[in-house]
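I have placed the structure first, in the form of structure tokens, so that the comments after it can refer back to it.
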Amino acid sequence: MKNLLFLFSIIFSLSIFSQENTNSEDLKDAQDTSNFEGSVDSDVTSFSIIENVPIYKGCSKNLDNKAQKECLNKKLNKHIGANFNTKVAAKLDLPDETVVKINVKFIISKTGEIVDIEAETPFPKLEAEAIRVIKLIPKMERPGYFKDAPVSVPYFIPIKFKIANSGFNSSKNMQYPTYRGCEKSVSFEDLKNCTIGKIMDYVKVSINYELADKLFPLDKSTQFEVSFVINEKGKAEDISAKAHKREMAAEAIRVLKRMPKMKAPGSINGKPTKVPVKFLMTIYF
């Protein structure tokens with residue numbers, strides 16, 4: 001049985017480009033959202049300007065707005081942790097230490113109900129599970145208010161968790177994605193190191209160094225972290241990046257979206273499968 005360490009975080013924002021920094025190097029997030037369907041209704045009011053946030057069941061009505069947000073955050077964390085079926089993720093046969101992210105978006109309506117739920121992740125079964133869990137959120141004690149009138153409020157939740165003790169990396173039937181120039185016949189770890197090394201080489205020759213120099217005029221190097229999935233066809237998807245400047249993160253995403261198709265996708269027992277990839281790299285200019 002696989003153990004899953006859940007790292008839930010909730011961000012009060014409509015746009016996924018407004019995520020808070022979460023690592024020690026103060027890297028900023030960016031994400032390829034070209035495949036995320038749906039848009040938020042013009043009648044909704046963002047948490048950034050709302051006067052009275054929705055009140056979750058069990059949160060005191062006497063709390064100020066900031067405390068209400070914190071209470072709502074805490075209650076949603078608890079709800080997701082208690083209801084998310086970890087067995088769904090355990091059956092995906094992902095590598096040890098894989099951090100899975102599910103982007104979830106929904107609306108808290110004028111009546112306090114959860115509507116228009118959307119989820120995005122490379123794994124359809126996890127999307128369905130995330131939507132199921134969000135549907136279980138109880139009706140708010142009170143909806144959000146703006147200018148003394150109830151309003152619909154957009155909510156974005158990135159659900160993150162880490163998979164451990166899966167034994168995936170040691171599986172003899174697991175094949176890591178193969179980049180051009182790498183040999184499929186080598187061990188899992190050697191193929192993984194070759195493919196990631198080739199991807200990093202590709203990024204180094206494709207990145208816009210003039211942009212980097214413009215963004216960091218007093219520096220000679222910068223770092224960024226990228227995360228993506230190599231799908232069953234050997235193409236990169238669900239690309240996200242963190243960098244010291246949002247423009248640099250966006251540039252890393254642009255480069256990875258143009259990355260050549262793998263010579264062979266990852267596979268389990270000979271069947272193509274999605275494989276998550278994540279690494280931190282440094283460029284010098």
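Identifiers in this document derive from the order of the structure tokens: chains are assigned A, B, ..., residues are numbered from 1 separately in each chain, and ligands are numbered from 1 in order of occurrence.
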
TODO: Would you kindly return, as a list in words, each protein, DNA or RNA residue with an atom no farther than 9 Å from any atom of A:Phe123, considering only C-alpha atoms and excluding same-chain residues fewer than 5 positions away?
DONE: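 Counting only the stated atoms, we get Ala89, Leu92, Ile102, Ala128 and Lys274 of chain A.
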
Would you output that residue set with N, CA, C and O atoms, as a short mmCIF file (atom, residue, chain, number, x, y, z; two decimals), in the first residue's frame?
data_model
loop_
_atom_site.label_atom_id
_atom_site.label_comp_id
_atom_site.auth_asym_id
_atom_site.auth_seq_id
_atom_site.Cartn_x
_atom_site.Cartn_y
_atom_site.Cartn_z
N ALA A 89 -5.11 7.73 -6.07
CA ALA A 89 -3.74 8.09 -6.46
C ALA A 89 -2.81 6.90 -6.34
O ALA A 89 -1.87 6.75 -7.14
N LEU A 92 -2.17 4.74 -9.46
CA LEU A 92 -1.61 5.34 -10.67
C LEU A 92 -0.20 4.84 -10.99
O LEU A 92 0.33 5.12 -12.06
N ILE A 102 -3.36 19.09 -8.38
CA ILE A 102 -4.67 19.16 -9.00
C ILE A 102 -5.18 20.59 -8.85
O ILE A 102 -5.39 21.07 -7.73
N ALA A 128 -11.66 13.54 -11.32
CA ALA A 128 -12.99 13.12 -10.88
C ALA A 128 -13.07 13.04 -9.36
O ALA A 128 -14.09 13.43 -8.77
N LYS A 274 1.64 8.22 -18.49
CA LYS A 274 2.10 9.57 -18.19
C LYS A 274 3.16 9.53 -17.10
O LYS A 274 3.03 8.77 -16.14
#

TODO: Run DSSP on the backbone and grab whatever in stretch 175-280 of chain A lands in alpha helix (DSSP H); send it over as a VMD selection string.
DONE: chain A and resid 188 to 206 209 to 215 246 to 257

Open item on the list: Can you tell me which residues surround stretch 138-145 of chain A at a distance of at most 10 Å, considering only C-alpha atoms, apart from same-chain residues fewer than 2 positions away, and format the answer as number ranges by chain?
Closed with: A: 44-47, 50-61, 72, 79, 108-114, 134-136, 147-153

- [ ] Quick one: everything within 6 Å of stretch 192-204 of chain A, counting only C-alpha atoms, minus sequence neighbours fewer than 2 positions away in the same chain. Send it as JSON, numbers by chain.
- [x] {"A": [176, 178, 179, 189, 190, 206, 207]}

Task: Given only C-alpha atoms as the counted atoms, nearest of A:Glu70, A:Glu247, A:Asp64, A:Asp116 to A:Asp213 - done: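 Checking each of A:Glu70, A:Glu247, A:Asp64, A:Asp116 against A:Asp213, counting only C-alpha atoms, the winner is A:Glu247.
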
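Atom to atom, atom CA of A:Leu76 and atom CA of A:Ile157 stand 9.4 Å apart.
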
Open item on the list: If you run DSSP on the backbone here, which positions in stretch 54-167 of chain A get strand (DSSP E or B)? Please write them as a PyMOL selection string.
Closed with: chain A and resi 55+99-108+114-120+142+144-146+149-164

Open item on the list: If I take atom CA of A:Tyr155 and atom CA of A:Gly81, how far is one from the other in Å, to one decimal?
Closed with: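 Between these atoms lies a distance of 17.6 Å.
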
Open item on the list: Just want the 10 Å neighbourhood of A:Leu280, counted on only C-alpha atoms, with same-chain residues fewer than 4 positions away dropped. Output as a PyMOL selection string.
Closed with: chain A and resi 200+223-227+241-243

Write the residues you've just listed into a file as a compact mmCIF listing (two decimals), in the first residue's frame, and include C-alpha atoms for each of them.
# COMPACT_ATOMS: atom_id res chain seq x y z
CA MET A 200 18.08 20.47 -19.57
CA GLN A 223 17.56 29.60 -11.41
CA PHE A 224 14.13 28.28 -12.25
CA GLU A 225 12.22 25.13 -11.39
CA VAL A 226 10.06 23.40 -13.97
CA SER A 227 7.39 20.75 -13.59
CA ALA A 241 7.51 26.86 -13.69
CA LYS A 242 8.84 28.92 -10.79
CA ALA A 243 11.46 31.64 -11.20

Task: Among listed residues A:Ala212, A:Leu94, A:Ile137, A:Ala130, nearest A:Lys75 (using only C-alpha atoms) - done: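 Among A:Ala212, A:Leu94, A:Ile137, A:Ala130, it is A:Ile137 that comes nearest to A:Lys75.
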
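Between A:Ser221 and the residues A:Ile117, A:Met281, A:Cys182, A:Ala236, the shortest atom-to-atom distance, using only C-alpha atoms, involves A:Met281.
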
Task: Pick from A:Glu251, A:Glu232, A:Glu183, A:Glu237, whichever lies nearest to A:Asn208 using only C-alpha atoms - done: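 Looking only at the distances to A:Asn208, the closest residue turns out to be A:Glu251.
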
Open item on the list: With distances taken over only C-alpha atoms, which residue among A:Lys101, A:Lys233, A:Lys245, A:Lys125 lies nearest A:Lys261?
Closed with: A:Lys233
